[in-house]
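Quick look at coords05.pdb (PDB, C-alpha atoms):
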```
ATOM      1  CA  MET A   1       5.930  -0.083 -18.341  1.00  0.00           C
ATOM      2  CA  ASN A   2       2.639  -1.813 -19.032  1.00  0.00           C
ATOM      3  CA  HIS A   3      -0.217  -2.246 -16.545  1.00  0.00           C
ATOM      4  CA  ILE A   4       0.774  -5.752 -15.463  1.00  0.00           C
ATOM      5  CA  GLU A   5       4.375  -4.741 -14.727  1.00  0.00           C
ATOM      6  CA  PHE A   6       3.177  -1.742 -12.759  1.00  0.00           C
ATOM      7  CA  ILE A   7       0.747  -3.788 -10.646  1.00  0.00           C
ATOM      8  CA  ARG A   8       3.418  -6.447 -10.081  1.00  0.00           C
ATOM      9  CA  LYS A   9       5.855  -3.770  -8.858  1.00  0.00           C
ATOM     10  CA  GLN A  10       3.224  -2.301  -6.547  1.00  0.00           C
ATOM     11  CA  ALA A  11       2.422  -5.755  -5.136  1.00  0.00           C
ATOM     12  CA  LYS A  12       6.099  -6.354  -4.359  1.00  0.00           C
ATOM     13  CA  ASN A  13       6.345  -2.978  -2.640  1.00  0.00           C
ATOM     14  CA  PHE A  14       3.183  -3.660  -0.658  1.00  0.00           C
ATOM     15  CA  LEU A  15       4.634  -6.988   0.498  1.00  0.00           C
ATOM     16  CA  LYS A  16       7.860  -5.273   1.618  1.00  0.00           C
ATOM     17  CA  ASP A  17       5.830  -2.848   3.707  1.00  0.00           C
ATOM     18  CA  TRP A  18       3.570  -5.617   5.041  1.00  0.00           C
ATOM     19  CA  GLN A  19       6.653  -7.423   6.369  1.00  0.00           C
ATOM     20  CA  THR A  20       7.541  -4.379   8.514  1.00  0.00           C
ATOM     21  CA  GLN A  21       4.494  -4.882  10.740  1.00  0.00           C
ATOM     22  CA  THR A  22       4.927  -4.675  14.490  1.00  0.00           C
ATOM     23  CA  LYS A  23       2.354  -6.044  16.898  1.00  0.00           C
ATOM     24  CA  THR A  24       1.303  -4.069  19.973  1.00  0.00           C
ATOM     25  CA  VAL A  25      -0.744  -5.614  22.782  1.00  0.00           C
ATOM     26  CA  GLU A  26      -2.489  -3.121  25.049  1.00  0.00           C
ATOM     27  CA  SER A  27      -3.056  -3.752  28.769  1.00  0.00           C
ATOM     28  CA  ASP A  28      -6.727  -4.522  28.077  1.00  0.00           C
ATOM     29  CA  GLY A  29      -5.776  -7.211  25.541  1.00  0.00           C
ATOM     30  CA  TYR A  30      -6.445  -5.112  22.449  1.00  0.00           C
ATOM     31  CA  ILE A  31      -4.030  -6.024  19.654  1.00  0.00           C
ATOM     32  CA  SER A  32      -2.998  -3.487  17.021  1.00  0.00           C
ATOM     33  CA  TYR A  33      -0.508  -3.564  14.183  1.00  0.00           C
ATOM     34  CA  HIS A  34       1.724  -0.801  12.857  1.00  0.00           C
ATOM     35  CA  TYR A  35       3.289  -0.718   9.404  1.00  0.00           C
ATOM     36  CA  ASP A  36       6.101   1.448   8.073  1.00  0.00           C
ATOM     37  CA  TRP A  37       4.806   2.469   4.640  1.00  0.00           C
ATOM     38  CA  LYS A  38       8.069   3.170   2.836  1.00  0.00           C
ATOM     39  CA  PHE A  39       7.585   1.566  -0.555  1.00  0.00           C
ATOM     40  CA  TYR A  40       3.873   1.365  -1.337  1.00  0.00           C
ATOM     41  CA  ASP A  41       2.130   4.544  -2.435  1.00  0.00           C
ATOM     42  CA  VAL A  42      -1.548   4.527  -3.353  1.00  0.00           C
ATOM     43  CA  GLY A  43      -1.125   7.947  -4.954  1.00  0.00           C
ATOM     44  CA  ASP A  44       1.065   6.332  -7.615  1.00  0.00           C
ATOM     45  CA  LEU A  45      -1.898   4.216  -8.709  1.00  0.00           C
ATOM     46  CA  PHE A  46      -4.017   7.309  -9.316  1.00  0.00           C
ATOM     47  CA  PHE A  47      -1.207   9.018 -11.206  1.00  0.00           C
ATOM     48  CA  TYR A  48      -0.386   5.976 -13.340  1.00  0.00           C
ATOM     49  CA  PHE A  49      -3.988   5.207 -14.302  1.00  0.00           C
ATOM     50  CA  GLU A  50      -4.805   8.930 -14.698  1.00  0.00           C
ATOM     51  CA  LEU A  51      -7.583   8.962 -12.109  1.00  0.00           C
ATOM     52  CA  ASP A  52      -8.709  12.158 -10.403  1.00  0.00           C
ATOM     53  CA  ASP A  53      -9.507  13.115  -6.797  1.00  0.00           C
ATOM     54  CA  LYS A  54     -13.142  12.134  -7.190  1.00  0.00           C
ATOM     55  CA  ASP A  55     -12.059   8.571  -7.962  1.00  0.00           C
ATOM     56  CA  GLU A  56      -9.795   8.556  -4.899  1.00  0.00           C
ATOM     57  CA  GLN A  57     -12.675   9.517  -2.611  1.00  0.00           C
ATOM     58  CA  ASN A  58     -14.857   6.744  -4.038  1.00  0.00           C
TER      59      ASN A  58
END
```
Here is the file; what I need is its structure written in the form of C-alpha cells.
Amino acid sequence: MNHIEFIRKQAKNFLKDWQTQTKTVESDGYISYHYDWKFYDVGDLFFYFELDDKDEQN
C-alpha cells in the first residue's frame, strides 16, 4: 500500500467516525459533541510512517 492509498483509507475511516457524532446540549446552553472512534486510529499513522513517540508529542 502506498502513501496515497493509506491516507485515503484513513480519511474514509475518519469520515465514518465523524458521522457517529451525537450532540449534547447542557442546561446552561453549552453544546458538546461525542464521537465513537471505532475506525480511525492516529497510532496507525505513526506506525505506518515510522515516527517515534517524540514526533507524537510534537
Residue members of the PyMOL selection byres ((chain A and resi 22) around 9) in the file shown, as a PyMOL selection string: chain A and resi 19-21+23-24+32-36
A:Gly29, A:Phe39, A:Phe49, A:Asn2 ranked by distance to A:Phe14, top pick (using all atoms listed in the file): A:Phe39
For atom CA of A:Phe47 and atom CA of A:Gln10, the interatomic separation in Å (one decimal): 13.0 Å
Best match for closeness to A:His3 among A:Tyr30, A:Trp18, A:Trp37, A:Tyr48, counting all atoms listed in the file: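 Smallest distance to A:His3 is found for A:Tyr48.
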Atom CA of A:Asp17 to atom CA of A:Ile4, straight-line distance in Å: 20.0 Å
